[in-house]
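Notes for the one structure printed next.
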Amino acid sequence: MKSTAKTRQQRDMDALLAEIRCGHTCAMQQPPGRRPVLQASTRSRLLIVSQAPGRKVEESGIPFDDVSGERLRDWLRIDRATFYDAERVAIVPMDFCFPGKGKSGDLPPRPACAAIWHPRLFALLGQCN
């Protein structure tokens, strides 16, 4: 019989994801209303590190929920259900929120986001390739 109890490591991951998603740490560095977008599990086997979500993705709260996601899933030959299964695929952007518009497109990811969160996230993603 398979245990449904979460491991301590997964509880730590869930707490970290909740901390990231509440946005308090980044609130001073970004405009109001930003929504962190990522997915991860301690059981994730594949790690995708991307730049930052676009406006549409930030609004939906689903990583790669746009044309670029369709293209990426096609390139990887991964169906939508597998791609959005956090126990299989972790999606960790360099910046978890849409960084805003610039003169010629979206602004680049803010480096502080990765510096603050990536070490803690990656420490819990021990099974990823």
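Labels for the structure tokens follow display order: chains A, B, ..., residues from 1 in each chain, ligands from 1.
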
inquiry  = Show me, as a PyMOL selection string, the residues that have an atom within 12 Å of region 61-78 of chain A when counting only C-alpha atoms, minus same-chain residues fewer than 4 positions from it.
reply    = chain A and resi 21+34-40+46+48-57+82-86+88-93+96-98

task = Write down as a ChimeraX atom specification the residues of chain A whose backbone DSSP state falls under strand (DSSP E or B).
result = /A:39,46-50,89-93,101-102,105-106

Take the residues that were just selected and, keeping C-alpha atoms, output them as a compact mmCIF listing (two decimals), in the first residue's frame.
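In the end it all went to part-v6.txt:
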# COMPACT_ATOMS: atom_id res chain seq x y z
CA GLN A 39 5.53 24.85 -10.12
CA LEU A 46 12.73 17.51 -15.04
CA LEU A 47 13.64 21.11 -14.22
CA ILE A 48 12.84 23.89 -16.68
CA VAL A 49 14.40 27.25 -15.81
CA SER A 50 12.92 30.08 -17.84
CA VAL A 89 8.15 18.76 -14.26
CA ALA A 90 9.37 21.70 -12.16
CA ILE A 91 9.12 25.11 -13.81
CA VAL A 92 11.22 27.72 -12.04
CA PRO A 93 11.64 31.09 -13.77
CA LYS A 101 6.88 46.33 -20.34
CA GLY A 102 9.93 48.14 -21.67
CA GLY A 105 9.14 44.38 -25.32
CA ASP A 106 9.04 42.90 -21.85

query = Would you give me, as an NGL selection string, the residues in chain A that DSSP reads as helix (DSSP H, G or I)?
reply = :A and (8-22 or 27-29 or 55-60 or 67-76 or 80-83 or 111-124)

Taking a cut-off of 9 Å and counting only C-alpha atoms, can you build a table that, for each residue of region 5-98 of chain A near region 111-124 of chain A, reports the nearest atom pair and how far apart they are in Å (one decimal), sorted by chain then residue number, as a tab-separated table?
residue	atom	partner	partner_atom	distance
A:Gln9	CA	A:Leu124	CA	6.9
A:Gln10	CA	A:Leu124	CA	8.1
A:Asp12	CA	A:Leu124	CA	8.1
A:Met13	CA	A:Leu124	CA	6.6
A:Leu16	CA	A:Leu121	CA	7.6
A:Leu17	CA	A:Leu121	CA	8.5
A:Ile20	CA	A:Trp117	CA	7.8
A:Thr25	CA	A:Ile116	CA	8.7
A:Cys26	CA	A:Cys113	CA	7.3
A:Gln29	CA	A:Ala112	CA	8.6
A:Ala40	CA	A:Leu121	CA	8.4
A:Ser41	CA	A:Leu124	CA	8.1
A:Thr42	CA	A:Leu124	CA	5.8
A:Val92	CA	A:His118	CA	8.2
A:Pro93	CA	A:Ala114	CA	8.0
A:Met94	CA	A:Ala114	CA	5.2
A:Asp95	CA	A:Cys113	CA	5.3
A:Phe96	CA	A:Cys113	CA	7.1
A:Cys97	CA	A:Cys113	CA	9.0

Residues as selected, all heavy atoms, written as a compact mmCIF listing (two decimals), in the first residue's frame, can you do that?
# COMPACT_ATOMS: atom_id res chain seq x y z
N GLN A 9 10.53 16.76 3.56
CA GLN A 9 11.08 17.55 2.46
C GLN A 9 9.95 18.15 1.61
O GLN A 9 10.02 19.31 1.21
CB GLN A 9 12.01 16.69 1.61
CG GLN A 9 12.81 17.47 0.60
CD GLN A 9 13.82 16.60 -0.13
OE1 GLN A 9 13.71 15.36 -0.16
NE2 GLN A 9 14.80 17.24 -0.73
N GLN A 10 8.89 17.37 1.33
CA GLN A 10 7.78 17.91 0.53
C GLN A 10 7.00 18.96 1.32
O GLN A 10 6.56 19.95 0.76
CB GLN A 10 6.84 16.80 0.06
CG GLN A 10 5.75 17.30 -0.90
CD GLN A 10 6.30 17.98 -2.15
OE1 GLN A 10 7.18 17.45 -2.82
NE2 GLN A 10 5.80 19.17 -2.48
N ASP A 12 8.38 20.96 3.44
CA ASP A 12 9.26 22.13 3.32
C ASP A 12 9.07 22.81 1.96
O ASP A 12 9.05 24.04 1.88
CB ASP A 12 10.73 21.74 3.51
CG ASP A 12 11.07 21.33 4.93
OD1 ASP A 12 10.25 21.57 5.85
OD2 ASP A 12 12.17 20.76 5.13
N MET A 13 8.95 22.00 0.90
CA MET A 13 8.74 22.56 -0.44
C MET A 13 7.40 23.29 -0.50
O MET A 13 7.31 24.41 -1.02
CB MET A 13 8.79 21.46 -1.50
CG MET A 13 8.44 21.93 -2.91
SD MET A 13 9.63 23.08 -3.62
CE MET A 13 10.83 21.93 -4.26
N LEU A 16 7.72 26.57 1.23
CA LEU A 16 8.52 27.50 0.44
C LEU A 16 7.71 28.05 -0.74
O LEU A 16 7.72 29.25 -1.00
CB LEU A 16 9.80 26.81 -0.06
CG LEU A 16 10.72 27.66 -0.94
CD1 LEU A 16 11.17 28.93 -0.22
CD2 LEU A 16 11.93 26.82 -1.36
N LEU A 17 6.98 27.18 -1.45
CA LEU A 17 6.15 27.65 -2.56
C LEU A 17 5.09 28.63 -2.07
O LEU A 17 4.82 29.64 -2.73
CB LEU A 17 5.50 26.46 -3.27
CG LEU A 17 6.46 25.53 -4.03
CD1 LEU A 17 5.72 24.30 -4.54
CD2 LEU A 17 7.15 26.25 -5.17
N ILE A 20 6.81 31.95 -1.44
CA ILE A 20 7.08 32.64 -2.71
C ILE A 20 5.80 33.23 -3.27
O ILE A 20 5.77 34.40 -3.69
CB ILE A 20 7.72 31.67 -3.73
CG1 ILE A 20 9.12 31.27 -3.28
CG2 ILE A 20 7.75 32.29 -5.13
CD1 ILE A 20 9.71 30.10 -4.06
N THR A 25 8.21 39.06 0.11
CA THR A 25 9.64 39.36 -0.03
C THR A 25 9.90 40.25 -1.23
O THR A 25 10.75 41.14 -1.18
CB THR A 25 10.46 38.06 -0.14
OG1 THR A 25 10.22 37.30 1.04
CG2 THR A 25 11.94 38.35 -0.26
N CYS A 26 9.18 40.04 -2.30
CA CYS A 26 9.42 40.78 -3.54
C CYS A 26 8.58 42.04 -3.65
O CYS A 26 8.73 42.80 -4.60
CB CYS A 26 9.15 39.89 -4.74
SG CYS A 26 10.18 38.41 -4.77
N GLN A 29 10.06 45.33 -4.66
CA GLN A 29 10.81 45.36 -5.91
C GLN A 29 9.92 45.33 -7.14
O GLN A 29 10.41 45.36 -8.25
CB GLN A 29 11.75 44.16 -5.97
CG GLN A 29 12.73 44.10 -4.84
CD GLN A 29 13.51 42.80 -4.88
OE1 GLN A 29 13.65 42.18 -5.92
NE2 GLN A 29 14.01 42.38 -3.75
N ALA A 40 6.61 23.22 -8.70
CA ALA A 40 7.72 22.34 -8.30
C ALA A 40 7.24 21.36 -7.25
O ALA A 40 6.28 21.62 -6.53
CB ALA A 40 8.88 23.17 -7.75
N SER A 41 7.94 20.26 -7.19
CA SER A 41 7.72 19.23 -6.18
C SER A 41 9.08 18.60 -5.89
O SER A 41 9.95 18.58 -6.76
CB SER A 41 6.75 18.17 -6.70
OG SER A 41 6.76 17.01 -5.88
N THR A 42 9.23 18.07 -4.72
CA THR A 42 10.49 17.36 -4.42
C THR A 42 10.62 16.12 -5.29
O THR A 42 11.72 15.59 -5.44
CB THR A 42 10.55 16.93 -2.94
OG1 THR A 42 9.41 16.11 -2.64
CG2 THR A 42 10.58 18.14 -2.02
N VAL A 92 10.70 26.70 -12.96
CA VAL A 92 11.22 27.72 -12.04
C VAL A 92 11.82 28.86 -12.86
O VAL A 92 12.93 28.74 -13.37
CB VAL A 92 12.29 27.11 -11.10
CG1 VAL A 92 12.84 28.16 -10.15
CG2 VAL A 92 11.71 25.92 -10.32
N PRO A 93 11.10 29.96 -13.01
CA PRO A 93 11.64 31.09 -13.77
C PRO A 93 12.75 31.82 -13.00
O PRO A 93 12.87 31.68 -11.78
CB PRO A 93 10.44 32.02 -13.96
CG PRO A 93 9.24 31.27 -13.51
CD PRO A 93 9.71 30.18 -12.61
N MET A 94 13.51 32.61 -13.72
CA MET A 94 14.51 33.48 -13.09
C MET A 94 13.82 34.56 -12.26
O MET A 94 14.34 35.01 -11.26
CB MET A 94 15.41 34.12 -14.14
CG MET A 94 16.27 33.12 -14.90
SD MET A 94 17.35 32.14 -13.84
CE MET A 94 18.46 33.40 -13.24
N ASP A 95 12.66 35.00 -12.70
CA ASP A 95 11.83 35.98 -12.00
C ASP A 95 10.43 35.39 -12.01
O ASP A 95 9.91 35.05 -13.07
CB ASP A 95 11.89 37.32 -12.74
CG ASP A 95 11.22 38.46 -12.00
OD1 ASP A 95 10.42 38.20 -11.08
OD2 ASP A 95 11.49 39.62 -12.34
N PHE A 96 9.80 35.26 -10.87
CA PHE A 96 8.51 34.58 -10.79
C PHE A 96 7.33 35.43 -11.24
O PHE A 96 6.24 34.92 -11.43
CB PHE A 96 8.25 34.09 -9.37
CG PHE A 96 9.31 33.15 -8.86
CD1 PHE A 96 9.89 33.35 -7.63
CD2 PHE A 96 9.73 32.08 -9.62
CE1 PHE A 96 10.87 32.50 -7.15
CE2 PHE A 96 10.71 31.23 -9.16
CZ PHE A 96 11.28 31.44 -7.93
N CYS A 97 7.54 36.73 -11.39
CA CYS A 97 6.47 37.64 -11.78
C CYS A 97 6.80 38.33 -13.10
O CYS A 97 7.97 38.50 -13.45
CB CYS A 97 6.27 38.71 -10.71
SG CYS A 97 5.80 38.04 -9.11
